[in-house]
>>> print(open('run-v6.csv').read())   # CSV, C-alpha atoms and all ligand atoms
chain,number,residue,atom,x,y,z
A,1,MET,CA,113.5,117.9,129.8
A,2,ASP,CA,113.7,114.5,131.6
A,3,THR,CA,110.6,113.3,129.9
A,4,TRP,CA,112.4,113.6,126.5
A,5,LEU,CA,115.3,111.4,127.5
A,6,PRO,CA,113.6,108.0,127.2
A,7,ALA,CA,112.3,109.0,123.9
A,8,LEU,CA,115.7,109.6,122.4
A,9,PRO,CA,116.6,106.0,121.6
A,10,LEU,CA,113.2,105.6,120.0
A,11,LEU,CA,113.7,108.8,118.0
A,12,LEU,CA,117.1,107.6,117.0
A,13,SER,CA,116.0,104.2,115.9
A,14,LEU,CA,113.2,105.8,113.9
A,15,LEU,CA,115.6,108.1,112.2
A,16,LEU,CA,118.0,105.3,111.5
A,17,GLY,CA,115.2,103.1,110.3
A,18,LEU,CA,114.1,105.8,107.9
A,19,ALA,CA,117.7,106.2,106.7
A,20,LEU,CA,118.0,102.5,106.1
A,21,ARG,CA,114.8,102.4,104.3
A,22,THR,CA,115.8,105.2,102.1
A,23,GLN,CA,118.9,103.3,101.2
A,24,ALA,CA,116.9,100.2,100.3
A,25,CYS,CA,114.6,102.4,98.3
A,26,ASP,CA,117.0,102.7,95.4
A,27,LEU,CA,114.5,100.5,93.7
A,28,LEU,CA,112.4,103.5,92.5
A,29,ASP,CA,108.7,103.5,92.4
A,30,TYR,CA,108.7,103.8,88.6
A,31,CYS,CA,111.1,100.9,88.4
A,32,ARG,CA,109.4,98.0,90.3
A,33,PRO,CA,109.4,94.5,88.9
A,34,PRO,CA,108.8,93.4,86.1
A,35,ARG,CA,110.7,96.6,85.2
A,36,ILE,CA,114.5,96.2,85.1
A,37,CYS,CA,116.7,99.3,85.6
A,38,PRO,CA,120.4,99.8,85.9
A,39,ASN,CA,121.6,99.4,89.5
A,40,PHE,CA,122.9,102.4,91.4
A,41,THR,CA,123.6,103.6,94.9
A,42,HIS,CA,122.8,107.0,96.2
A,43,ILE,CA,125.8,109.2,96.9
A,44,SER,CA,123.9,112.2,98.0
A,45,THR,CA,120.6,114.0,97.6
A,46,ASN,CA,119.6,117.6,98.0
A,47,GLN,CA,116.5,119.6,97.2
A,48,LYS,CA,117.6,120.2,93.6
A,49,TYR,CA,119.4,117.1,92.5
A,50,GLU,CA,120.8,113.7,93.4
A,51,GLU,CA,124.1,112.1,92.9
A,52,ARG,CA,124.0,108.4,92.0
A,53,LEU,CA,126.7,105.9,91.3
A,54,TYR,CA,125.6,103.7,88.5
A,55,GLU,CA,127.0,100.2,88.0
A,56,PRO,CA,128.2,99.3,84.5
A,57,SER,CA,125.4,98.5,82.1
A,58,VAL,CA,125.0,97.4,78.5
A,59,TRP,CA,122.8,99.4,76.1
A,60,MET,CA,121.5,99.0,72.5
A,61,CYS,CA,121.7,102.4,70.8
A,62,THR,CA,120.8,103.9,67.5
A,63,THR,CA,121.1,107.5,66.1
A,64,GLU,CA,118.6,109.4,64.1
A,65,GLU,CA,118.9,112.8,62.4
A,66,GLY,CA,116.8,115.6,64.0
A,67,ILE,CA,115.5,116.1,67.5
A,68,ASP,CA,111.8,115.8,67.5
A,69,SER,CA,109.2,113.2,68.3
A,70,ARG,CA,109.4,111.8,64.8
A,71,ALA,CA,113.1,111.1,65.3
A,72,VAL,CA,112.4,109.4,68.7
A,73,ALA,CA,109.6,107.3,67.1
A,74,GLU,CA,111.9,106.2,64.2
A,75,ALA,CA,114.7,105.3,66.6
A,76,SER,CA,112.3,103.4,68.8
A,77,ILE,CA,111.0,101.3,65.9
A,78,ARG,CA,114.6,100.5,65.0
A,79,LEU,CA,115.3,99.2,68.5
A,80,ILE,CA,112.1,97.2,68.5
A,81,ASN,CA,113.1,95.6,65.2
A,82,PHE,CA,116.5,94.9,66.7
A,83,ARG,CA,114.8,93.1,69.6
A,84,ASN,CA,112.6,91.2,67.2
A,85,TYR,CA,115.5,90.2,65.0
A,86,HIS,CA,117.2,88.7,68.0
A,87,SER,CA,114.1,86.9,69.1
A,88,TRP,CA,113.0,85.5,65.7
A,89,VAL,CA,116.3,85.0,63.9
A,90,LYS,CA,118.8,84.4,66.7
A,91,GLY,CA,116.5,82.8,69.4
A,92,VAL,CA,117.7,85.4,71.9
A,93,GLN,CA,115.0,87.0,74.0
A,94,ILE,CA,115.6,90.6,75.0
A,95,ASN,CA,113.2,91.4,77.9
A,96,PRO,CA,111.3,94.5,76.8
A,97,HIS,CA,110.8,95.8,80.3
A,98,THR,CA,114.1,97.6,80.7
A,99,TRP,CA,114.1,101.3,81.7
A,100,PRO,CA,114.8,104.1,81.4
A,101,SER,CA,114.9,105.0,77.8
A,102,LEU,CA,117.9,107.3,77.3
A,103,VAL,CA,118.1,110.1,74.8
A,104,SER,CA,121.1,112.3,74.2
A,105,VAL,CA,121.7,114.9,71.6
A,106,ASN,CA,124.9,115.0,69.5
A,107,ILE,CA,126.1,117.7,67.1
A,108,VAL,CA,127.4,116.1,63.9
A,109,GLU,CA,128.8,118.4,61.3
A,110,ASN,CA,126.5,121.2,62.3
A,111,ARG,CA,123.5,119.0,62.3
A,112,LEU,CA,121.6,117.8,65.4
A,113,GLU,CA,121.3,114.1,65.8
A,114,LEU,CA,119.7,112.2,68.7
A,115,SER,CA,120.9,109.0,70.1
A,116,LEU,CA,118.3,106.6,71.7
A,117,CYS,CA,119.5,103.8,74.0
A,118,TRP,CA,117.6,101.0,75.8
A,119,MET,CA,119.3,98.8,78.3
A,120,VAL,CA,120.2,95.2,77.4
A,121,PRO,CA,119.0,93.1,80.4
A,122,PRO,CA,121.8,91.5,82.4
A,123,GLY,CA,122.7,87.9,81.3
A,124,VAL,CA,121.8,88.5,77.7
A,125,THR,CA,124.6,88.8,75.1
A,126,VAL,CA,123.8,90.6,71.8
A,127,SER,CA,126.0,92.2,69.2
A,128,GLY,CA,125.2,95.2,66.9
A,129,TYR,CA,123.1,94.8,63.8
A,130,ARG,CA,122.5,97.2,61.0
A,131,GLN,CA,122.1,100.7,62.5
A,132,VAL,CA,122.0,99.5,66.1
A,133,THR,CA,125.2,99.4,68.1
A,134,VAL,CA,125.7,97.8,71.5
A,135,LYS,CA,127.8,99.7,74.1
A,136,THR,CA,128.7,99.5,77.7
A,137,ILE,CA,128.4,102.5,80.0
A,138,PRO,CA,131.1,102.0,82.6
A,139,ARG,CA,130.5,102.6,86.3
A,140,THR,CA,129.6,106.3,86.3
A,141,ALA,CA,128.6,108.9,88.9
A,142,MET,CA,125.6,110.9,87.6
A,143,PHE,CA,124.0,114.1,88.7
A,144,VAL,CA,120.2,113.6,88.4
A,145,ARG,CA,117.5,116.1,88.3
A,146,SER,CA,113.9,114.7,88.2
A,147,PHE,CA,111.0,116.4,86.4
A,148,SER,CA,107.4,115.5,85.6
A,149,GLY,CA,105.2,115.7,82.5
A,150,ILE,CA,105.7,114.7,79.0
A,151,PRO,CA,109.4,114.9,78.2
A,152,THR,CA,109.7,117.3,75.3
A,153,PHE,CA,113.0,118.5,73.9
A,154,GLU,CA,112.2,121.9,75.2
A,155,ASN,CA,111.5,121.1,78.8
A,156,SER,CA,114.3,118.5,78.8
A,157,GLY,CA,116.7,121.2,77.6
A,158,LEU,CA,115.4,123.7,80.3
A,159,ASN,CA,115.8,121.1,83.0
A,160,ALA,CA,119.3,120.3,81.8
A,161,LEU,CA,120.2,124.0,81.9
A,162,ARG,CA,118.8,124.3,85.4
A,163,LEU,CA,120.8,121.3,86.6
A,164,MET,CA,124.0,122.7,85.1
A,165,GLU,CA,123.3,126.1,86.8
A,166,ASP,CA,122.8,124.3,90.1
A,167,LEU,CA,126.0,122.3,89.7
A,168,LEU,CA,128.0,125.3,88.7
A,169,SER,CA,126.7,127.3,91.7
A,170,ASP,CA,127.6,124.3,94.0
A,171,GLY,CA,131.1,124.1,92.5
A,172,LYS,CA,130.5,120.6,91.1
A,173,ARG,CA,132.6,119.3,88.3
A,174,PHE,CA,130.6,117.8,85.5
A,175,ASP,CA,130.9,116.7,81.9
A,176,ARG,CA,129.8,119.7,79.8
A,177,THR,CA,129.6,117.9,76.5
A,178,VAL,CA,126.6,115.6,77.1
A,179,PHE,CA,123.4,115.2,79.0
A,180,PHE,CA,120.9,112.3,79.0
A,181,ARG,CA,117.2,112.5,79.2
A,182,ALA,CA,116.0,109.4,81.0
A,183,SER,CA,112.3,108.6,80.7
A,184,TYR,CA,110.3,105.8,82.2
A,185,ASP,CA,107.4,105.8,79.8
A,186,SER,CA,106.9,104.5,76.3
A,187,PRO,CA,106.7,107.2,73.6
A,188,PHE,CA,103.7,105.2,72.2
A,189,GLY,CA,101.8,104.4,75.3
A,190,ILE,CA,99.7,106.2,77.9
A,191,ILE,CA,101.8,108.3,80.2
A,192,PHE,CA,101.8,106.2,83.4
A,193,PHE,CA,104.5,107.6,85.6
A,194,LYS,CA,105.2,111.0,84.2
A,195,HIS,CA,108.7,110.7,85.7
A,196,ASN,CA,111.7,111.9,83.8
A,197,GLU,CA,115.2,112.6,84.7
A,198,ILE,CA,118.2,114.6,83.4
A,199,TRP,CA,121.5,112.8,83.9
A,200,ILE,CA,124.8,114.6,83.7
A,201,PRO,CA,128.0,112.6,84.2
A,202,LYS,CA,130.3,113.8,87.0
A,203,ALA,CA,133.7,114.9,85.7
A,301,LIG,C1,121.5,94.5,90.0
A,301,LIG,O1,122.1,93.7,91.0
A,301,LIG,C2,121.5,92.5,91.3
A,301,LIG,C3,122.2,91.9,92.5
A,301,LIG,O2,123.6,91.9,92.4
A,301,LIG,C4,121.7,91.6,90.0
A,301,LIG,O3,121.1,90.3,90.2
A,301,LIG,C5,121.1,92.3,88.8
A,301,LIG,O4,121.3,91.5,87.7
A,301,LIG,C6,121.6,93.7,88.7
A,301,LIG,N1,120.9,94.4,87.6
A,301,LIG,C7,121.4,95.0,86.6
A,301,LIG,C8,120.5,95.6,85.7
A,301,LIG,O5,122.6,94.9,86.4
>>> encode(input="run-v6.csv", output="structure tokens", more="lines below")
Ligand SMILES: *[C@@H]1O[C@H](CO)[C@@H](O)[C@H](O)[C@H]1NC(C)=O
Amino acid sequence: MDTWLPALPLLLSLLLGLALRTQACDLLDYCRPPRICPNFTHISTNQKYEERLYEPSVWMCTTEEGIDSRAVAEASIRLINFRNYHSWVKGVQINPHTWPSLVSVNIVENRLELSLCWMVPPGVTVSGYRQVTVKTIPRTAMFVRSFSGIPTFENSGLNALRLMEDLLSDGKRFDRTVFFRASYDSPFGIIFFKHNEIWIPKA
């Protein structure tokens, strides 16, 4: 027993060191520079999901009828055009390395429509143009479930459902009208990180 005692402070400092490091690790692996992601702090983490508090952030968003990869591609092209318009016509550069790419699904008059949003980097001011609108997501607590692989609508929906079930069984209050799929890979490129998340706002 005695031999353990001197080790205690060491153990404690190791544990604390680890805890501190986890805190500083809010900069996720799939979001290292030059990538820019919205800032957040961890509120809590368990085996199934995390709770993050996101700082306010500005997004450029567009909607497209349908929920398939064609709709995502059309919406992506529109956001790229929006970026190019600002760069070529307005002389405003919008850094393209902002992540994640946020997809949500809305029901509009019995039709499914997706909304695709990319973050506007801090320090850049843009206004909406044509079918692209600019909106601020206020400081929001999000429940986050991570999953890997190519983010199809099917596995995103399944993961959203599982997250909702977990939240319900833990008695958490959440927004039941929306969920976001956050992905950290280009729909056009090679899948580098295979990291996706479902975000559900806390109610
Ligand atoms: C995150 O916080 C840092 C430090 O306050 C700030 O410089 C940076 O612009 C913030 N990033 C975003 C995306 O808001």
>>> residues_near_ligand(input="run-v6.csv", ligand="ligand LIG 301 (chain A)", cutoff="6 Å", atoms="only C-alpha atoms and all ligand atoms", output="list in words")
Cys37, Pro38, Asn39 and Pro122 of chain A
>>> residues_near_point(input="run-v6.csv", point="(125.2, 118.3, 88.0)", cutoff="12 Å", atoms="all atoms listed in the file", output="VMD selection string")
chain A and resid 44 to 46 48 to 52 141 to 146 159 to 176 178 to 180 197 to 203
>>> atom_distance(input="run-v6.csv", atom1="CA of Thr152 in chain A", atom2="CA of Thr140 in chain A")
25.3 Å
>>> closest_residue(input="run-v6.csv", among="A:Val120, A:Val89, A:Ile67, A:Ile77", to="Ile107 in chain A", atoms="only C-alpha atoms")
A:Ile67
>>> closest_atom_pairs(input="run-v6.csv", of="range 31-78 of chain A", to="range 126-136 of chain A", cutoff="6 Å", atoms="only C-alpha atoms", output="JSON lines")
{"residue": "A:Ser57", "atom": "CA", "partner": "A:Thr136", "partner_atom": "CA", "distance": 5.6}
{"residue": "A:Val58", "atom": "CA", "partner": "A:Thr136", "partner_atom": "CA", "distance": 4.3}
{"residue": "A:Trp59", "atom": "CA", "partner": "A:Lys135", "partner_atom": "CA", "distance": 5.4}
{"residue": "A:Met60", "atom": "CA", "partner": "A:Val134", "partner_atom": "CA", "distance": 4.5}
{"residue": "A:Cys61", "atom": "CA", "partner": "A:Thr133", "partner_atom": "CA", "distance": 5.3}
{"residue": "A:Thr62", "atom": "CA", "partner": "A:Val132", "partner_atom": "CA", "distance": 4.8}
>>> atom_distance(input="run-v6.csv", atom1="CA of Glu74 in chain A", atom2="CA of Leu28 in chain A")
28.4 Å
>>> atom_distance(input="run-v6.csv", atom1="CA of Gly66 in chain A", atom2="CA of His86 in chain A")
27.2 Å
>>> residues_around(input="run-v6.csv", residues="Arg139 in chain A", least_positions_apart="2", cutoff="7 Å", atoms="all atoms listed in the file", output="list in words")
Tyr54, Glu55, Pro56 and Ile137 of chain A
>>> closest_residue(input="run-v6.csv", among="A:Arg111, A:Arg70, A:Lys194, A:Arg181", to="Gly149 in chain A", atoms="all atoms listed in the file")
A:Lys194
>>> residues_around(input="run-v6.csv", residues="Ser115 in chain A", least_positions_apart="6", cutoff="7 Å", atoms="all atoms listed in the file", output="list in words")
Cys61, Thr62, Thr63, Glu64, Val103, Ser104 and Val105 of chain A
>>> residues_near_point(input="run-v6.csv", point="(124.5, 104.9, 94.8)", cutoff="7 Å", atoms="only C-alpha atoms", output="CSV table (one decimal) with C-alpha atoms, in the coordinates of the input")
chain,number,residue,atom,x,y,z
A,40,PHE,CA,122.9,102.4,91.4
A,41,THR,CA,123.6,103.6,94.9
A,42,HIS,CA,122.8,107.0,96.2
A,43,ILE,CA,125.8,109.2,96.9
A,52,ARG,CA,124.0,108.4,92.0
A,53,LEU,CA,126.7,105.9,91.3
A,54,TYR,CA,125.6,103.7,88.5
>>> closest_residue(input="run-v6.csv", among="A:Thr177, A:Ser101, A:Asn196, A:Ser156", to="Val72 in chain A", atoms="all atoms listed in the file")
A:Ser101
>>> closest_residue(input="run-v6.csv", among="A:Ile150, A:Ser186, A:Pro138, A:Trp118", to="Leu102 in chain A", atoms="all atoms listed in the file")
A:Trp118
>>> residues_around(input="run-v6.csv", residues="Phe153 in chain A", least_positions_apart="4", cutoff="9 Å", atoms="only C-alpha atoms", output="ChimeraX atom specification")
/A:67-69,157-158
>>> write_last_selection(input="run-v6.csv", atoms="C-alpha atoms", output="mmCIF file, in the frame of the given file")
data_model
loop_
_atom_site.group_PDB
_atom_site.id
_atom_site.type_symbol
_atom_site.label_atom_id
_atom_site.label_comp_id
_atom_site.auth_asym_id
_atom_site.auth_seq_id
_atom_site.Cartn_x
_atom_site.Cartn_y
_atom_site.Cartn_z
ATOM 1 C CA ILE A 67 115.500 116.100 67.500
ATOM 2 C CA ASP A 68 111.800 115.800 67.500
ATOM 3 C CA SER A 69 109.200 113.200 68.300
ATOM 4 C CA GLY A 157 116.700 121.200 77.600
ATOM 5 C CA LEU A 158 115.400 123.700 80.300
#
>>> closest_residue(input="run-v6.csv", among="A:Tyr184, A:Glu65, A:Thr98, A:Arg35", to="Glu113 in chain A", atoms="all atoms listed in the file")
A:Glu65
>>> closest_residue(input="run-v6.csv", among="A:Ser148, A:Phe82, A:Ser76, A:Pro100", to="Leu116 in chain A", atoms="only C-alpha atoms")
A:Ser76
>>> decode(input="run-v6.csv", residues="range 125-159 of chain A", atoms="N, CA and C atoms", output="PDB file, in the first residue's frame")
ATOM      1  N   THR A 125     -16.913  39.618 -44.987  1.00  0.00           N
ATOM      2  CA  THR A 125     -18.320  40.026 -45.025  1.00  0.00           C
ATOM      3  C   THR A 125     -18.885  39.791 -46.417  1.00  0.00           C
ATOM      4  N   VAL A 126     -19.920  38.993 -46.510  1.00  0.00           N
ATOM      5  CA  VAL A 126     -20.564  38.754 -47.804  1.00  0.00           C
ATOM      6  C   VAL A 126     -22.070  38.900 -47.623  1.00  0.00           C
ATOM      7  N   SER A 127     -22.753  39.172 -48.741  1.00  0.00           N
ATOM      8  CA  SER A 127     -24.215  39.171 -48.661  1.00  0.00           C
ATOM      9  C   SER A 127     -24.748  38.192 -49.691  1.00  0.00           C
ATOM     10  N   GLY A 128     -26.005  37.818 -49.527  1.00  0.00           N
ATOM     11  CA  GLY A 128     -26.606  36.821 -50.394  1.00  0.00           C
ATOM     12  C   GLY A 128     -26.600  37.249 -51.850  1.00  0.00           C
ATOM     13  N   TYR A 129     -26.614  36.299 -52.724  1.00  0.00           N
ATOM     14  CA  TYR A 129     -26.623  36.586 -54.153  1.00  0.00           C
ATOM     15  C   TYR A 129     -27.330  35.442 -54.859  1.00  0.00           C
ATOM     16  N   ARG A 130     -28.276  35.802 -55.722  1.00  0.00           N
ATOM     17  CA  ARG A 130     -29.070  34.788 -56.420  1.00  0.00           C
ATOM     18  C   ARG A 130     -29.654  33.772 -55.435  1.00  0.00           C
ATOM     19  N   GLN A 131     -29.380  32.460 -55.626  1.00  0.00           N
ATOM     20  CA  GLN A 131     -30.045  31.485 -54.747  1.00  0.00           C
ATOM     21  C   GLN A 131     -29.244  31.159 -53.491  1.00  0.00           C
ATOM     22  N   VAL A 132     -28.243  31.993 -53.200  1.00  0.00           N
ATOM     23  CA  VAL A 132     -27.448  31.731 -52.002  1.00  0.00           C
ATOM     24  C   VAL A 132     -27.782  32.778 -50.939  1.00  0.00           C
ATOM     25  N   THR A 133     -28.113  32.319 -49.754  1.00  0.00           N
ATOM     26  CA  THR A 133     -28.386  33.249 -48.658  1.00  0.00           C
ATOM     27  C   THR A 133     -27.288  33.115 -47.610  1.00  0.00           C
ATOM     28  N   VAL A 134     -27.099  34.184 -46.861  1.00  0.00           N
ATOM     29  CA  VAL A 134     -26.066  34.182 -45.826  1.00  0.00           C
ATOM     30  C   VAL A 134     -26.777  34.234 -44.486  1.00  0.00           C
ATOM     31  N   LYS A 135     -26.475  33.287 -43.608  1.00  0.00           N
ATOM     32  CA  LYS A 135     -27.140  33.322 -42.301  1.00  0.00           C
ATOM     33  C   LYS A 135     -26.190  33.032 -41.157  1.00  0.00           C
ATOM     34  N   THR A 136     -26.586  33.567 -40.006  1.00  0.00           N
ATOM     35  CA  THR A 136     -25.782  33.360 -38.805  1.00  0.00           C
ATOM     36  C   THR A 136     -26.423  32.264 -37.975  1.00  0.00           C
ATOM     37  N   ILE A 137     -25.630  31.291 -37.584  1.00  0.00           N
ATOM     38  CA  ILE A 137     -26.105  30.310 -36.606  1.00  0.00           C
ATOM     39  C   ILE A 137     -25.638  30.835 -35.247  1.00  0.00           C
ATOM     40  N   PRO A 138     -26.582  31.163 -34.360  1.00  0.00           N
ATOM     41  CA  PRO A 138     -26.178  31.746 -33.071  1.00  0.00           C
ATOM     42  C   PRO A 138     -25.447  30.723 -32.205  1.00  0.00           C
ATOM     43  N   ARG A 139     -24.969  31.163 -31.060  1.00  0.00           N
ATOM     44  CA  ARG A 139     -24.335  30.207 -30.130  1.00  0.00           C
ATOM     45  C   ARG A 139     -25.337  29.102 -29.822  1.00  0.00           C
ATOM     46  N   THR A 140     -24.959  27.864 -30.091  1.00  0.00           N
ATOM     47  CA  THR A 140     -25.890  26.741 -29.986  1.00  0.00           C
ATOM     48  C   THR A 140     -25.212  25.535 -29.364  1.00  0.00           C
ATOM     49  N   ALA A 141     -25.896  24.877 -28.445  1.00  0.00           N
ATOM     50  CA  ALA A 141     -25.406  23.598 -27.935  1.00  0.00           C
ATOM     51  C   ALA A 141     -25.900  22.504 -28.872  1.00  0.00           C
ATOM     52  N   MET A 142     -24.988  21.649 -29.299  1.00  0.00           N
ATOM     53  CA  MET A 142     -25.333  20.582 -30.238  1.00  0.00           C
ATOM     54  C   MET A 142     -24.991  19.226 -29.626  1.00  0.00           C
ATOM     55  N   PHE A 143     -25.875  18.272 -29.824  1.00  0.00           N
ATOM     56  CA  PHE A 143     -25.535  16.885 -29.549  1.00  0.00           C
ATOM     57  C   PHE A 143     -24.917  16.334 -30.826  1.00  0.00           C
ATOM     58  N   VAL A 144     -23.799  15.631 -30.685  1.00  0.00           N
ATOM     59  CA  VAL A 144     -23.049  15.206 -31.859  1.00  0.00           C
ATOM     60  C   VAL A 144     -22.768  13.710 -31.802  1.00  0.00           C
ATOM     61  N   ARG A 145     -23.154  13.034 -32.866  1.00  0.00           N
ATOM     62  CA  ARG A 145     -22.804  11.622 -32.989  1.00  0.00           C
ATOM     63  C   ARG A 145     -21.898  11.476 -34.202  1.00  0.00           C
ATOM     64  N   SER A 146     -20.747  10.844 -34.039  1.00  0.00           N
ATOM     65  CA  SER A 146     -19.800  10.679 -35.149  1.00  0.00           C
ATOM     66  C   SER A 146     -20.005   9.341 -35.817  1.00  0.00           C
ATOM     67  N   PHE A 147     -19.800   9.307 -37.125  1.00  0.00           N
ATOM     68  CA  PHE A 147     -19.814   8.023 -37.828  1.00  0.00           C
ATOM     69  C   PHE A 147     -18.869   8.099 -39.016  1.00  0.00           C
ATOM     70  N   SER A 148     -18.462   6.931 -39.495  1.00  0.00           N
ATOM     71  CA  SER A 148     -17.455   6.930 -40.551  1.00  0.00           C
ATOM     72  C   SER A 148     -18.059   6.456 -41.860  1.00  0.00           C
ATOM     73  N   GLY A 149     -17.272   6.518 -42.908  1.00  0.00           N
ATOM     74  CA  GLY A 149     -17.723   6.047 -44.213  1.00  0.00           C
ATOM     75  C   GLY A 149     -18.258   7.174 -45.060  1.00  0.00           C
ATOM     76  N   ILE A 150     -18.718   6.821 -46.246  1.00  0.00           N
ATOM     77  CA  ILE A 150     -19.289   7.829 -47.136  1.00  0.00           C
ATOM     78  C   ILE A 150     -20.673   8.195 -46.605  1.00  0.00           C
ATOM     79  N   PRO A 151     -20.923   9.490 -46.400  1.00  0.00           N
ATOM     80  CA  PRO A 151     -22.194   9.873 -45.773  1.00  0.00           C
ATOM     81  C   PRO A 151     -23.365   9.866 -46.756  1.00  0.00           C
ATOM     82  N   THR A 152     -24.035   8.739 -46.868  1.00  0.00           N
ATOM     83  CA  THR A 152     -25.219   8.696 -47.725  1.00  0.00           C
ATOM     84  C   THR A 152     -26.402   9.226 -46.928  1.00  0.00           C
ATOM     85  N   PHE A 153     -27.516   9.475 -47.607  1.00  0.00           N
ATOM     86  CA  PHE A 153     -28.695   9.925 -46.881  1.00  0.00           C
ATOM     87  C   PHE A 153     -29.211   8.816 -45.986  1.00  0.00           C
ATOM     88  N   GLU A 154     -29.023   7.574 -46.450  1.00  0.00           N
ATOM     89  CA  GLU A 154     -29.523   6.457 -45.665  1.00  0.00           C
ATOM     90  C   GLU A 154     -28.771   6.324 -44.341  1.00  0.00           C
ATOM     91  N   ASN A 155     -27.417   6.260 -44.409  1.00  0.00           N
ATOM     92  CA  ASN A 155     -26.719   6.068 -43.132  1.00  0.00           C
ATOM     93  C   ASN A 155     -26.754   7.332 -42.268  1.00  0.00           C
ATOM     94  N   SER A 156     -26.922   8.502 -42.888  1.00  0.00           N
ATOM     95  CA  SER A 156     -27.078   9.720 -42.082  1.00  0.00           C
ATOM     96  C   SER A 156     -28.387   9.658 -41.314  1.00  0.00           C
ATOM     97  N   GLY A 157     -29.451   9.247 -42.023  1.00  0.00           N
ATOM     98  CA  GLY A 157     -30.758   9.140 -41.383  1.00  0.00           C
ATOM     99  C   GLY A 157     -30.732   8.133 -40.246  1.00  0.00           C
ATOM    100  N   LEU A 158     -30.066   6.987 -40.484  1.00  0.00           N
ATOM    101  CA  LEU A 158     -29.993   5.956 -39.444  1.00  0.00           C
ATOM    102  C   LEU A 158     -29.233   6.471 -38.228  1.00  0.00           C
ATOM    103  N   ASN A 159     -28.123   7.179 -38.485  1.00  0.00           N
ATOM    104  CA  ASN A 159     -27.347   7.707 -37.361  1.00  0.00           C
ATOM    105  C   ASN A 159     -28.106   8.797 -36.615  1.00  0.00           C
TER     106      ASN A 159
END
